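Engineer: Sharing data-v7.txt (compact mmCIF, C-alpha atoms and all ligand atoms) below.
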```
# COMPACT_ATOMS: atom_id res chain seq x y z
CA MET T 1 115.17 59.54 99.19
CA SER T 2 113.43 62.87 99.65
CA ALA T 3 114.45 64.73 102.83
CA VAL T 4 110.87 64.60 104.12
CA ASN T 5 110.97 60.80 104.19
CA SER T 6 114.21 60.54 106.16
CA SER T 7 114.28 59.18 109.68
CA GLN T 8 114.95 62.75 110.83
CA VAL T 9 111.37 63.77 110.02
CA VAL T 10 109.15 62.37 112.74
CA ASN T 11 106.74 65.20 113.40
CA ILE T 12 105.25 68.35 111.88
CA GLU T 13 107.84 70.56 113.57
CA ASP T 14 110.52 68.70 111.57
CA LEU T 15 108.65 69.57 108.35
CA ARG T 16 108.43 73.17 109.53
CA ARG T 17 112.21 73.28 109.89
CA LEU T 18 112.71 71.87 106.38
CA ALA T 19 110.27 74.43 104.98
CA GLU T 20 112.16 77.23 106.67
CA GLN T 21 115.37 76.03 105.03
CA ARG T 22 113.90 75.63 101.51
CA ILE T 23 111.84 78.78 101.01
CA PRO T 24 112.73 82.47 101.37
CA LYS T 25 112.07 84.11 104.72
CA CYS T 26 109.31 86.31 103.28
CA VAL T 27 107.32 83.29 102.07
CA PHE T 28 108.04 81.27 105.21
CA ASP T 29 106.91 84.12 107.46
CA TYR T 30 103.72 84.53 105.44
CA LEU T 31 103.00 80.84 106.07
CA ASP T 32 104.18 80.63 109.65
CA GLY T 33 103.13 84.00 111.05
CA GLY T 34 100.01 85.44 112.59
CA ALA T 35 98.38 88.78 113.27
CA GLU T 36 99.82 91.57 115.43
CA ALA T 37 101.43 90.20 118.61
CA GLU T 38 100.62 86.61 117.52
CA LEU T 39 98.87 85.95 120.84
CA THR T 40 96.08 83.89 119.28
CA LEU T 41 98.53 82.06 117.04
CA ALA T 42 100.45 80.86 120.10
CA GLU T 43 97.31 80.25 122.15
CA ASN T 44 95.79 77.99 119.46
CA CYS T 45 98.67 75.54 119.94
CA ARG T 46 99.06 76.03 123.68
CA ALA T 47 95.37 75.33 124.48
CA PHE T 48 95.82 71.67 123.54
CA ARG T 49 98.04 71.35 126.63
CA ASP T 50 95.11 72.31 128.87
CA VAL T 51 93.28 69.15 127.85
CA THR T 52 94.63 65.87 129.20
CA PHE T 53 93.63 62.31 128.38
CA ARG T 54 91.74 59.81 130.56
CA PRO T 55 92.85 56.52 128.97
CA ARG T 56 91.12 53.18 129.52
CA GLY T 57 93.66 50.56 130.52
CA ALA T 58 93.77 46.89 129.66
CA VAL T 59 91.85 47.42 126.42
CA ALA T 60 93.39 45.71 123.38
CA VAL T 61 92.54 47.79 120.32
CA ARG T 62 93.95 46.03 117.28
CA ASP T 63 91.90 47.35 114.40
CA CYS T 64 91.28 51.01 114.90
CA ASP T 65 88.58 52.60 112.78
CA LEU T 66 89.73 56.12 111.96
CA LYS T 67 86.91 56.89 109.53
CA VAL T 68 84.46 59.74 110.03
CA ARG T 69 81.65 61.12 107.90
CA VAL T 70 81.52 64.83 107.07
CA LEU T 71 78.71 66.23 104.92
CA GLY T 72 78.04 62.72 103.68
CA HIS T 73 81.68 62.07 102.65
CA GLU T 74 83.58 59.26 104.31
CA LEU T 75 87.05 60.47 105.28
CA SER T 76 89.73 57.85 105.95
CA PHE T 77 90.82 59.79 109.02
CA PRO T 78 89.40 62.85 110.77
CA ALA T 79 91.44 65.66 109.19
CA MET T 80 90.88 67.62 105.99
CA LEU T 81 93.17 70.17 104.35
CA ALA T 82 92.18 73.79 105.10
CA PRO T 83 92.19 76.51 102.46
CA VAL T 84 95.67 78.05 102.32
CA GLY T 85 96.16 81.08 100.08
CA TYR T 86 99.32 81.68 98.02
CA SER T 87 100.13 77.93 98.03
CA ARG T 88 101.81 78.24 94.63
CA LEU T 89 104.42 80.56 96.15
CA MET T 90 105.30 77.80 98.62
CA HIS T 91 105.77 75.27 95.82
CA PRO T 92 104.97 75.52 92.08
CA ALA T 93 102.70 72.46 92.27
CA GLY T 94 100.82 74.27 95.08
CA GLU T 95 97.12 73.55 95.26
CA VAL T 96 97.29 70.69 92.73
CA ALA T 97 99.87 68.80 94.82
CA ALA T 98 97.94 69.35 98.03
CA ALA T 99 94.63 68.21 96.54
CA GLN T 100 96.26 65.14 95.02
CA ALA T 101 97.93 64.16 98.30
CA ALA T 102 94.67 64.66 100.20
CA GLY T 103 92.77 62.43 97.78
CA GLU T 104 95.43 59.72 97.95
CA ALA T 105 95.21 59.82 101.75
CA GLY T 106 91.43 59.36 101.52
CA THR T 107 90.52 62.80 102.74
CA GLY T 108 89.28 66.14 101.44
CA TYR T 109 90.87 69.39 100.27
CA ILE T 110 89.49 72.91 100.45
CA LEU T 111 90.69 75.23 97.68
CA SER T 112 91.19 78.88 98.68
CA THR T 113 89.91 81.73 96.52
CA ILE T 114 93.50 82.99 96.76
CA SER T 115 94.76 80.21 94.52
CA ALA T 116 96.85 80.24 91.39
CA HIS T 117 96.11 76.86 89.78
CA LYS T 118 92.85 76.69 87.85
CA LEU T 119 90.14 75.15 90.03
CA GLU T 120 89.33 72.63 87.29
CA ASN T 121 92.91 71.25 87.45
CA VAL T 122 92.83 71.10 91.24
CA LYS T 123 89.60 69.13 91.21
CA ALA T 124 90.93 66.77 88.53
CA ALA T 125 94.05 66.05 90.63
CA SER T 126 92.09 64.62 93.55
CA GLN T 127 90.18 61.39 93.94
CA GLY T 128 88.65 62.69 97.19
CA PRO T 129 86.12 65.41 98.00
CA VAL T 130 87.18 68.94 97.06
CA TRP T 131 85.39 72.03 98.41
CA TYR T 132 85.73 75.64 97.27
CA GLN T 133 86.34 78.46 99.75
CA LEU T 134 84.83 81.74 98.66
CA TYR T 135 85.85 85.32 99.37
CA LEU T 136 83.86 87.98 97.57
CA MET T 137 87.02 89.45 96.08
CA GLY T 138 86.47 91.21 92.82
CA GLY T 139 82.76 91.65 93.58
CA ARG T 140 79.71 89.52 93.02
CA ALA T 141 80.24 89.16 89.25
CA ALA T 142 83.65 87.52 89.81
CA ALA T 143 82.15 85.27 92.49
CA GLU T 144 79.33 84.20 90.18
CA GLY T 145 81.89 83.11 87.61
CA SER T 146 83.92 81.14 90.17
CA LEU T 147 80.86 79.41 91.60
CA ASP T 148 79.65 78.43 88.17
CA ARG T 149 83.06 76.94 87.32
CA ALA T 150 83.30 75.19 90.73
CA ARG T 151 79.87 73.63 90.30
CA ARG T 152 80.66 72.40 86.80
CA ALA T 153 84.05 71.04 87.89
CA GLY T 154 82.40 68.95 90.63
CA PHE T 155 83.28 70.77 93.85
CA SER T 156 80.93 69.25 96.40
CA ALA T 157 80.63 72.02 99.01
CA LEU T 158 81.19 75.72 99.35
CA VAL T 159 83.06 77.20 102.31
CA ILE T 160 82.29 80.79 103.22
CA THR T 161 84.96 82.41 105.37
CA VAL T 162 83.41 85.06 107.60
CA ASP T 163 86.35 86.26 109.71
CA THR T 164 88.04 88.40 107.07
CA PRO T 165 86.25 91.77 106.78
CA VAL T 166 89.73 93.18 106.27
CA ALA T 167 93.13 91.45 106.10
CA GLY T 168 94.70 91.12 109.56
CA LEU T 169 97.94 92.98 110.21
CA ARG T 170 100.66 90.38 109.72
CA GLU T 171 103.61 92.37 111.01
CA ARG T 172 106.17 89.91 109.65
CA ASP T 173 104.77 90.42 106.13
CA SER T 174 105.00 94.21 106.42
CA ARG T 175 108.62 94.03 107.55
CA ASN T 176 109.52 91.50 104.85
CA GLY T 177 108.09 93.72 102.10
CA MET T 178 105.48 91.21 100.91
CA LYS T 179 103.65 94.01 99.08
CA GLU T 180 106.76 95.13 97.20
CA LEU T 181 107.64 91.55 96.35
CA LEU T 182 104.26 90.83 94.79
CA GLY T 183 104.08 94.18 92.99
CA PRO T 184 105.24 95.01 89.46
CA SER T 185 108.29 97.20 90.31
CA LEU T 186 111.60 95.34 89.98
CA PHE T 187 113.34 98.26 91.69
CA ALA T 188 111.23 97.82 94.85
CA LYS T 189 112.32 94.19 95.06
CA ILE T 190 116.06 94.90 95.16
CA PRO T 191 116.43 95.02 98.99
CA TYR T 192 114.89 91.55 99.21
CA LEU T 193 117.06 89.87 96.56
CA PRO T 194 119.59 88.39 99.03
CA ASP T 195 116.75 86.44 100.68
CA PHE T 196 115.81 84.94 97.29
CA LEU T 197 119.40 84.25 96.26
CA ALA T 198 119.98 82.39 99.52
CA HIS T 199 117.31 79.89 98.39
CA PRO T 200 118.40 79.00 94.83
CA GLY T 201 116.32 75.81 94.59
CA TRP T 202 113.12 77.69 95.41
CA LEU T 203 114.11 80.64 93.18
CA ALA T 204 114.79 78.45 90.13
CA ALA T 205 111.46 76.65 90.56
CA PHE T 206 109.64 79.97 91.05
CA LEU T 207 111.14 81.52 87.90
CA LEU T 208 110.53 78.39 85.82
CA ASP T 209 106.92 78.52 87.01
CA GLY T 210 106.61 82.03 85.55
CA GLY T 211 107.22 84.17 88.64
CA VAL T 212 104.43 85.73 90.68
CA PRO T 213 101.25 83.91 89.62
CA ARG T 214 97.79 85.39 89.16
CA LEU T 215 94.57 84.36 90.85
CA GLU T 216 93.20 82.06 88.17
CA ASN T 217 89.94 81.58 90.06
CA VAL T 218 89.09 85.27 90.53
CA VAL T 219 88.37 86.43 87.02
CA ILE T 220 87.25 90.06 86.87
CA PRO T 221 84.82 90.50 83.98
CA GLY T 222 86.50 92.45 81.20
CA LYS T 223 89.90 92.33 82.94
CA GLY T 224 90.96 88.73 83.53
CA PRO T 225 92.49 87.01 86.57
CA MET T 226 93.25 89.24 89.57
CA GLU T 227 96.89 90.05 90.37
CA LEU T 228 98.27 88.71 93.66
CA VAL T 229 99.39 92.17 94.74
CA ASP T 230 95.75 93.33 94.66
CA VAL T 231 94.57 90.73 97.18
CA ALA T 232 94.96 92.79 100.38
CA ALA T 233 92.98 95.73 98.98
CA ALA T 234 90.38 93.40 97.46
CA LEU T 235 89.88 91.64 100.80
CA SER T 236 88.82 94.95 102.37
CA GLU T 237 85.85 95.00 100.02
CA ALA T 238 85.17 91.28 100.29
CA THR T 239 83.29 91.02 103.58
CA VAL T 240 80.75 88.24 103.35
CA THR T 241 77.62 89.30 105.25
CA TRP T 242 74.61 87.20 106.21
CA ALA T 243 72.78 88.96 103.35
CA ASP T 244 75.50 87.81 100.93
CA LEU T 245 75.07 84.31 102.26
CA ARG T 246 71.40 84.39 101.26
CA TRP T 247 72.41 85.56 97.78
CA ILE T 248 75.03 82.81 97.55
CA ARG T 249 72.42 80.20 98.49
CA GLU T 250 70.47 81.18 95.38
CA LEU T 251 73.54 80.43 93.25
CA TRP T 252 74.83 77.32 95.00
CA SER T 253 72.49 74.42 95.58
CA GLY T 254 75.06 72.20 97.35
CA PRO T 255 76.03 72.33 101.03
CA ILE T 256 77.45 75.55 102.46
CA VAL T 257 80.00 75.54 105.27
CA VAL T 258 80.49 78.70 107.36
CA LYS T 259 84.14 79.01 108.45
CA GLY T 260 85.48 81.41 111.04
CA LEU T 261 83.00 81.33 113.95
CA LEU T 262 83.92 81.39 117.63
CA THR T 263 80.61 81.75 119.47
CA GLY T 264 77.38 79.85 120.02
CA GLU T 265 75.36 82.86 118.80
CA ASP T 266 77.10 82.94 115.42
CA ALA T 267 76.78 79.17 115.06
CA ARG T 268 73.00 79.35 115.66
CA ARG T 269 72.77 82.19 113.15
CA ALA T 270 74.68 80.13 110.59
CA ILE T 271 72.19 77.27 111.04
CA ASP T 272 69.27 79.70 110.60
CA GLU T 273 70.89 80.92 107.37
CA GLY T 274 71.08 77.37 106.03
CA ALA T 275 74.66 76.27 106.81
CA ALA T 276 75.25 72.52 106.53
CA ALA T 277 78.36 72.71 108.73
CA VAL T 278 80.42 75.27 110.62
CA VAL T 279 84.16 75.54 111.19
CA VAL T 280 85.21 76.90 114.58
CA SER T 281 88.20 78.91 113.40
CA ASN T 282 90.15 82.09 114.05
CA HIS T 283 91.98 81.79 110.73
CA GLY T 284 94.98 80.24 112.43
CA GLY T 285 95.54 83.41 114.50
CA ARG T 286 95.98 85.51 111.35
CA GLN T 287 93.02 87.86 111.69
CA LEU T 288 91.76 89.38 115.00
CA ASP T 289 94.48 88.89 117.59
CA SER T 290 93.44 88.11 121.19
CA VAL T 291 90.43 86.00 120.28
CA PRO T 292 90.44 82.71 122.19
CA ALA T 293 92.06 79.52 121.03
CA THR T 294 89.67 77.57 118.84
CA LEU T 295 89.86 74.49 121.08
CA ARG T 296 88.60 76.70 123.91
CA ALA T 297 85.73 78.05 121.77
CA LEU T 298 84.73 74.61 120.48
CA PRO T 299 82.59 73.35 123.43
CA GLU T 300 80.35 76.46 123.34
CA VAL T 301 79.71 76.03 119.62
CA VAL T 302 79.12 72.28 119.94
CA ALA T 303 76.57 72.93 122.70
CA ALA T 304 74.78 75.63 120.67
CA VAL T 305 74.62 73.46 117.55
CA GLY T 306 73.23 70.53 119.54
CA GLY T 307 73.99 67.93 116.86
CA ARG T 308 71.90 69.64 114.16
CA ILE T 309 74.85 70.08 111.75
CA ASP T 310 78.50 69.00 111.60
CA VAL T 311 80.98 71.06 113.64
CA LEU T 312 84.55 71.18 112.38
CA MET T 313 87.44 73.07 113.95
CA ASP T 314 90.88 74.28 112.97
CA GLY T 315 93.78 76.14 114.54
CA GLY T 316 96.98 74.91 116.13
CA VAL T 317 96.68 71.26 115.11
CA ARG T 318 100.23 69.95 114.88
CA ARG T 319 99.85 66.40 116.19
CA GLY T 320 97.35 63.59 115.89
CA SER T 321 96.73 63.82 119.62
CA ASP T 322 95.46 67.38 118.97
CA ILE T 323 92.99 65.94 116.46
CA VAL T 324 91.83 63.35 119.01
CA LYS T 325 91.32 66.04 121.67
CA ALA T 326 89.20 68.14 119.28
CA LEU T 327 87.04 65.11 118.50
CA CYS T 328 86.63 64.39 122.22
CA LEU T 329 85.29 67.94 122.62
CA GLY T 330 82.71 67.43 119.89
CA ALA T 331 84.33 68.24 116.54
CA ARG T 332 83.36 65.84 113.76
CA ALA T 333 86.79 66.38 112.14
CA VAL T 334 89.48 69.05 112.04
CA LEU T 335 91.04 71.07 109.26
CA VAL T 336 94.80 71.39 109.16
CA GLY T 337 96.45 74.45 107.64
CA ARG T 338 100.11 74.99 108.44
CA ALA T 339 100.67 71.31 109.30
CA TYR T 340 100.36 70.34 105.63
CA ALA T 341 101.56 73.65 104.19
CA TYR T 342 104.95 73.15 105.89
CA GLY T 343 105.16 69.84 104.05
CA LEU T 344 104.13 71.51 100.78
CA ALA T 345 106.79 74.19 101.18
CA ALA T 346 109.42 71.59 102.12
CA ALA T 347 108.83 69.14 99.26
CA GLY T 348 105.59 69.67 97.32
CA HIS T 349 103.41 66.57 96.98
CA ALA T 350 105.84 64.33 98.92
CA GLY T 351 105.81 66.79 101.81
CA VAL T 352 102.02 66.95 102.05
CA THR T 353 101.85 63.16 101.89
CA ARG T 354 104.41 62.93 104.68
CA ALA T 355 102.47 65.39 106.86
CA LEU T 356 99.26 63.41 106.42
CA LYS T 357 101.02 60.10 107.17
CA ILE T 358 102.48 61.53 110.37
CA LEU T 359 99.10 62.84 111.53
CA ARG T 360 97.27 59.65 110.60
CA ALA T 361 99.76 57.42 112.42
CA ASP T 362 99.52 59.75 115.44
CA VAL T 363 95.73 59.49 115.52
CA GLU T 364 95.80 55.71 115.30
CA ARG T 365 98.46 55.33 118.01
CA THR T 366 96.62 57.79 120.28
CA LEU T 367 93.33 55.89 119.92
CA ARG T 368 95.04 52.61 120.77
CA LEU T 369 96.79 54.11 123.77
CA LEU T 370 93.49 55.60 124.90
CA GLY T 371 91.74 52.26 124.58
CA CYS T 372 89.19 53.63 122.11
CA PRO T 373 88.48 51.51 119.01
CA SER T 374 87.15 54.26 116.72
CA ALA T 375 87.46 57.96 115.99
CA ALA T 376 83.68 58.18 115.86
CA GLY T 377 83.51 56.74 119.39
CA LEU T 378 85.53 59.54 121.02
CA ASP T 379 83.74 61.73 123.54
CA ARG T 380 84.36 63.89 126.61
CA THR T 381 84.85 60.89 128.86
CA TYR T 382 88.29 60.42 127.29
CA VAL T 383 89.58 63.86 128.37
CA GLU T 384 89.90 66.08 131.38
CA THR T 385 89.37 69.81 130.79
CA PRO T 386 89.98 72.74 133.14
CA PRO T 387 86.87 73.50 135.29
CA ALA T 388 86.07 76.74 133.42
CA TRP T 389 85.69 74.78 130.16
CA ARG T 390 82.93 72.50 131.45
CA SER T 391 80.04 74.91 131.07
CA GLY T 392 80.22 74.68 127.26
C1 LIG D 1 99.39 80.67 104.85
C2 LIG D 1 97.94 80.60 105.17
C3 LIG D 1 97.01 81.06 104.26
C4 LIG D 1 95.64 80.97 104.54
N1 LIG D 1 94.73 81.35 103.58
C5 LIG D 1 93.41 81.20 103.83
C6 LIG D 1 92.46 81.50 102.82
O1 LIG D 1 92.80 81.88 101.71
N2 LIG D 1 91.14 81.33 103.12
C7 LIG D 1 90.72 80.89 104.35
O2 LIG D 1 89.52 80.75 104.58
N3 LIG D 1 91.61 80.58 105.31
C8 LIG D 1 92.94 80.72 105.08
N4 LIG D 1 93.84 80.38 106.04
C9 LIG D 1 93.36 79.85 107.32
C10 LIG D 1 93.28 78.32 107.25
O3 LIG D 1 92.25 77.92 106.39
C11 LIG D 1 93.02 77.71 108.64
O4 LIG D 1 91.89 78.33 109.21
C12 LIG D 1 94.22 77.87 109.56
O5 LIG D 1 95.42 77.66 108.86
C13 LIG D 1 94.14 76.88 110.71
O6 LIG D 1 95.20 77.03 111.59
P1 LIG D 1 96.56 76.16 111.52
O7 LIG D 1 97.37 76.74 110.43
O8 LIG D 1 97.14 76.38 112.86
O9 LIG D 1 96.16 74.73 111.24
C14 LIG D 1 95.20 80.46 105.78
C15 LIG D 1 96.15 80.01 106.70
C16 LIG D 1 97.50 80.06 106.40
C17 LIG D 1 98.49 79.52 107.40
```
Represent the structure from my file as structure tokens, please.
Ligand SMILES: Cc1cc2nc3c(=O)[nH]c(=O)nc-3n(C[C@H](O)[C@H](O)[C@H](O)COP(=O)(O)O)c2cc1C

Structural biologist:
Amino acid sequence: MSAVNSSQVVNIEDLRRLAEQRIPKCVFDYLDGGAEAELTLAENCRAFRDVTFRPRGAVAVRDCDLKVRVLGHELSFPAMLAPVGYSRLMHPAGEVAAAQAAGEAGTGYILSTISAHKLENVKAASQGPVWYQLYLMGGRAAAEGSLDRARRAGFSALVITVDTPVAGLRERDSRNGMKELLGPSLFAKIPYLPDFLAHPGWLAAFLLDGGVPRLENVVIPGKGPMELVDVAAALSEATVTWADLRWIRELWSGPIVVKGLLTGEDARRAIDEGAAAVVVSNHGGRQLDSVPATLRALPEVVAAVGGRIDVLMDGGVRRGSDIVKALCLGARAVLVGRAYAYGLAAAGHAGVTRALKILRADVERTLRLLGCPSAAGLDRTYVETPPAWRSG
């Protein structure tokens, strides 16, 4: 039996511990860490404690309906898989394994631009909805190529991440020598070899997979797929502006989701620019440190949107009860990032499947304990929020 299916794995934190054991510290810290002092990273998780439940007693809920609809897709439960870059470093099956597990669980997967499996293979692995997340890395010509491939492969929505005008300072990555590790010089990697050698299972799989992969979905005309080491510099030139969004709308006729908003003003602007949904997100605390927890920002965005488009949120979701709280505050569904990526790093496809099973069982149990028969029926009457949150 795989370690992720043992009786010792009961929550996402258990998967996090297994991931920490299996993969080198530099890869684990990339996955686990946040920007600068990691204030927002911690606050994303902590904010869920500020919201408490108001259960309805003496209600027998036997058949709980966990389904929700997002952009016309029916999801079997209200969580999708967020775009997570460098997934193939966590496990060779990377994005393919995650998309497959999402589809089997009846939910959707969002493929990051910073991905190393060809988008066509990722789409083919999933029986559920798959969306493509776009950074303008490599310029507009590279983006045009990716969008054309994504459309032909059957990606059903495009996610534009707007909180990354430059890569955040992830101090753990600097200390761990992430840049040296991804670069071409073998000499520069020498100080980090003990970390790799201490994780022989990961190292063997990484070498058999061909070592540091390239970005198969960012093909620079005349040059080929972008190298992973070039990502940080490319991100600095990849800011997606509202003007870019208008240009992207000409190329992409399907729904566009704007990810990375924290205010009502930006949400209204996104609607004016034609967004079909927004994701309240601070990139999991990996970009601008000291922005508020996403759960705290959610009510303001929900109020500004006023039901005109779907509002999703991500950041700090580690339990199904977190998902339920976000829905009570007006999110249609959440995205999970680290919660499934820990599973991926721990055991590939089996780990992602385990993460989704844990979250799904949590959501169902929480609904029954709350006395609410359906995820779609959740609202603010099921939670108590601090007084300052009620204006949203
Ligand atoms: C390792 C890692 C890589 C990420 N890469 C991307 C990315 O390539 N594109 C993107 O839009 N968001 C990216 N994100 C942000 C996630 O999509 C999501 O917003 C965030 O993980 C949510 O917070 P959570 O991890 O606490 O669930 C990444 C997050 C992590 C943890």

Engineer: Around ligand LIG 1 (chain D), at most 9 Å away and counting all atoms listed in the file, which residues are there? Put them as a PyMOL selection string, please.

Structural biologist: chain T and resi 27-34+41+44-45+81-87+110-115+133-135+159-164+259-260+279-286+313-318+334-341

Engineer: Output C-alpha atoms for every residue in that selection, as a PDB file, in the frame of the given file.

Structural biologist:
```
ATOM      1  CA  VAL T  27     107.320  83.290 102.070  1.00  0.00           C
ATOM      2  CA  PHE T  28     108.040  81.270 105.210  1.00  0.00           C
ATOM      3  CA  ASP T  29     106.910  84.120 107.460  1.00  0.00           C
ATOM      4  CA  TYR T  30     103.720  84.530 105.440  1.00  0.00           C
ATOM      5  CA  LEU T  31     103.000  80.840 106.070  1.00  0.00           C
ATOM      6  CA  ASP T  32     104.180  80.630 109.650  1.00  0.00           C
ATOM      7  CA  GLY T  33     103.130  84.000 111.050  1.00  0.00           C
ATOM      8  CA  GLY T  34     100.010  85.440 112.590  1.00  0.00           C
ATOM      9  CA  LEU T  41      98.530  82.060 117.040  1.00  0.00           C
ATOM     10  CA  ASN T  44      95.790  77.990 119.460  1.00  0.00           C
ATOM     11  CA  CYS T  45      98.670  75.540 119.940  1.00  0.00           C
ATOM     12  CA  LEU T  81      93.170  70.170 104.350  1.00  0.00           C
ATOM     13  CA  ALA T  82      92.180  73.790 105.100  1.00  0.00           C
ATOM     14  CA  PRO T  83      92.190  76.510 102.460  1.00  0.00           C
ATOM     15  CA  VAL T  84      95.670  78.050 102.320  1.00  0.00           C
ATOM     16  CA  GLY T  85      96.160  81.080 100.080  1.00  0.00           C
ATOM     17  CA  TYR T  86      99.320  81.680  98.020  1.00  0.00           C
ATOM     18  CA  SER T  87     100.130  77.930  98.030  1.00  0.00           C
ATOM     19  CA  ILE T 110      89.490  72.910 100.450  1.00  0.00           C
ATOM     20  CA  LEU T 111      90.690  75.230  97.680  1.00  0.00           C
ATOM     21  CA  SER T 112      91.190  78.880  98.680  1.00  0.00           C
ATOM     22  CA  THR T 113      89.910  81.730  96.520  1.00  0.00           C
ATOM     23  CA  ILE T 114      93.500  82.990  96.760  1.00  0.00           C
ATOM     24  CA  SER T 115      94.760  80.210  94.520  1.00  0.00           C
ATOM     25  CA  GLN T 133      86.340  78.460  99.750  1.00  0.00           C
ATOM     26  CA  LEU T 134      84.830  81.740  98.660  1.00  0.00           C
ATOM     27  CA  TYR T 135      85.850  85.320  99.370  1.00  0.00           C
ATOM     28  CA  VAL T 159      83.060  77.200 102.310  1.00  0.00           C
ATOM     29  CA  ILE T 160      82.290  80.790 103.220  1.00  0.00           C
ATOM     30  CA  THR T 161      84.960  82.410 105.370  1.00  0.00           C
ATOM     31  CA  VAL T 162      83.410  85.060 107.600  1.00  0.00           C
ATOM     32  CA  ASP T 163      86.350  86.260 109.710  1.00  0.00           C
ATOM     33  CA  THR T 164      88.040  88.400 107.070  1.00  0.00           C
ATOM     34  CA  LYS T 259      84.140  79.010 108.450  1.00  0.00           C
ATOM     35  CA  GLY T 260      85.480  81.410 111.040  1.00  0.00           C
ATOM     36  CA  VAL T 279      84.160  75.540 111.190  1.00  0.00           C
ATOM     37  CA  VAL T 280      85.210  76.900 114.580  1.00  0.00           C
ATOM     38  CA  SER T 281      88.200  78.910 113.400  1.00  0.00           C
ATOM     39  CA  ASN T 282      90.150  82.090 114.050  1.00  0.00           C
ATOM     40  CA  HIS T 283      91.980  81.790 110.730  1.00  0.00           C
ATOM     41  CA  GLY T 284      94.980  80.240 112.430  1.00  0.00           C
ATOM     42  CA  GLY T 285      95.540  83.410 114.500  1.00  0.00           C
ATOM     43  CA  ARG T 286      95.980  85.510 111.350  1.00  0.00           C
ATOM     44  CA  MET T 313      87.440  73.070 113.950  1.00  0.00           C
ATOM     45  CA  ASP T 314      90.880  74.280 112.970  1.00  0.00           C
ATOM     46  CA  GLY T 315      93.780  76.140 114.540  1.00  0.00           C
ATOM     47  CA  GLY T 316      96.980  74.910 116.130  1.00  0.00           C
ATOM     48  CA  VAL T 317      96.680  71.260 115.110  1.00  0.00           C
ATOM     49  CA  ARG T 318     100.230  69.950 114.880  1.00  0.00           C
ATOM     50  CA  VAL T 334      89.480  69.050 112.040  1.00  0.00           C
ATOM     51  CA  LEU T 335      91.040  71.070 109.260  1.00  0.00           C
ATOM     52  CA  VAL T 336      94.800  71.390 109.160  1.00  0.00           C
ATOM     53  CA  GLY T 337      96.450  74.450 107.640  1.00  0.00           C
ATOM     54  CA  ARG T 338     100.110  74.990 108.440  1.00  0.00           C
ATOM     55  CA  ALA T 339     100.670  71.310 109.300  1.00  0.00           C
ATOM     56  CA  TYR T 340     100.360  70.340 105.630  1.00  0.00           C
ATOM     57  CA  ALA T 341     101.560  73.650 104.190  1.00  0.00           C
TER      58      ALA T 341
END
```

Engineer: For segment 218-224 of chain T, find every residue with an atom within 8 Å (counting all atoms listed in the file), except residues of its own chain fewer than 3 positions away, and show them as an NGL selection string.

Structural biologist: :T and (113-114 or 137-138 or 141-143 or 145-146 or 215)

Engineer: Expressed in Å to a single decimal, how great is the separation between atom CA of Leu75 of chain T and atom CA of Thr107 of chain T?

Structural biologist: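 Those two atoms sit 4.9 Å apart.
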
Engineer: Tell me, as a ChimeraX atom specification, which residues lie within 9 Å of Glu43 of chain T, counting only C-alpha atoms; anything in the same chain fewer than 5 positions away does not count.

Structural biologist: /T:38,48,285,290,292-294,316

Engineer: Between T:Asp63, T:Asp50, T:Asp362, T:Asp244, which residue has the minimum interatomic distance to Val10 of chain T, considering only C-alpha atoms?

Structural biologist: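 For Val10 of chain T, the nearest of the given residues is T:Asp362.
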
Engineer: Could you list, as a PyMOL selection string, every residue within 10 Å of Val9 of chain T, counting only C-alpha atoms and ignoring same-chain residues fewer than 4 positions away?

Structural biologist: chain T and resi 3-5+13-18+354-355+358

Engineer: Please, could you write that set of residues out with C-alpha atoms as a PDB file, keeping the file's coordinate frame?

Structural biologist:
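Result file is part.pdb:
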```pdb
ATOM      1  CA  ALA T   3     114.450  64.730 102.830  1.00  0.00           C
ATOM      2  CA  VAL T   4     110.870  64.600 104.120  1.00  0.00           C
ATOM      3  CA  ASN T   5     110.970  60.800 104.190  1.00  0.00           C
ATOM      4  CA  GLU T  13     107.840  70.560 113.570  1.00  0.00           C
ATOM      5  CA  ASP T  14     110.520  68.700 111.570  1.00  0.00           C
ATOM      6  CA  LEU T  15     108.650  69.570 108.350  1.00  0.00           C
ATOM      7  CA  ARG T  16     108.430  73.170 109.530  1.00  0.00           C
ATOM      8  CA  ARG T  17     112.210  73.280 109.890  1.00  0.00           C
ATOM      9  CA  LEU T  18     112.710  71.870 106.380  1.00  0.00           C
ATOM     10  CA  ARG T 354     104.410  62.930 104.680  1.00  0.00           C
ATOM     11  CA  ALA T 355     102.470  65.390 106.860  1.00  0.00           C
ATOM     12  CA  ILE T 358     102.480  61.530 110.370  1.00  0.00           C
TER      13      ILE T 358
END
```

Engineer: Given the choices T:Gly57, T:Pro24, T:Gly108, T:Pro191, which gets closest to Met80 of chain T if the distance is worked out from only C-alpha atoms?

Structural biologist: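 The shortest atom-to-atom distance to Met80 of chain T comes from T:Gly108.
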
Engineer: Rank T:Arg170, T:His73, T:Arg246, T:Arg268 by their smallest atom-to-atom distance to Asp289 of chain T, using all atoms listed in the file, and report the top residue only.

Structural biologist: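 Distance minimum relative to Asp289 of chain T lands on T:Arg170.
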
Engineer: Could you please determine the separation between atom CA of Ala124 of chain T and atom CA of Gln100 of chain T in Å, to one decimal place?

Structural biologist: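 Pair atom CA of Ala124 of chain T / atom CA of Gln100 of chain T returns 8.6 Å.
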
Engineer: Which is closest to Val51 of chain T among T:Val324, T:Met226, T:Ala350, T:Leu235, if we use all atoms listed in the file?

Structural biologist: T:Val324
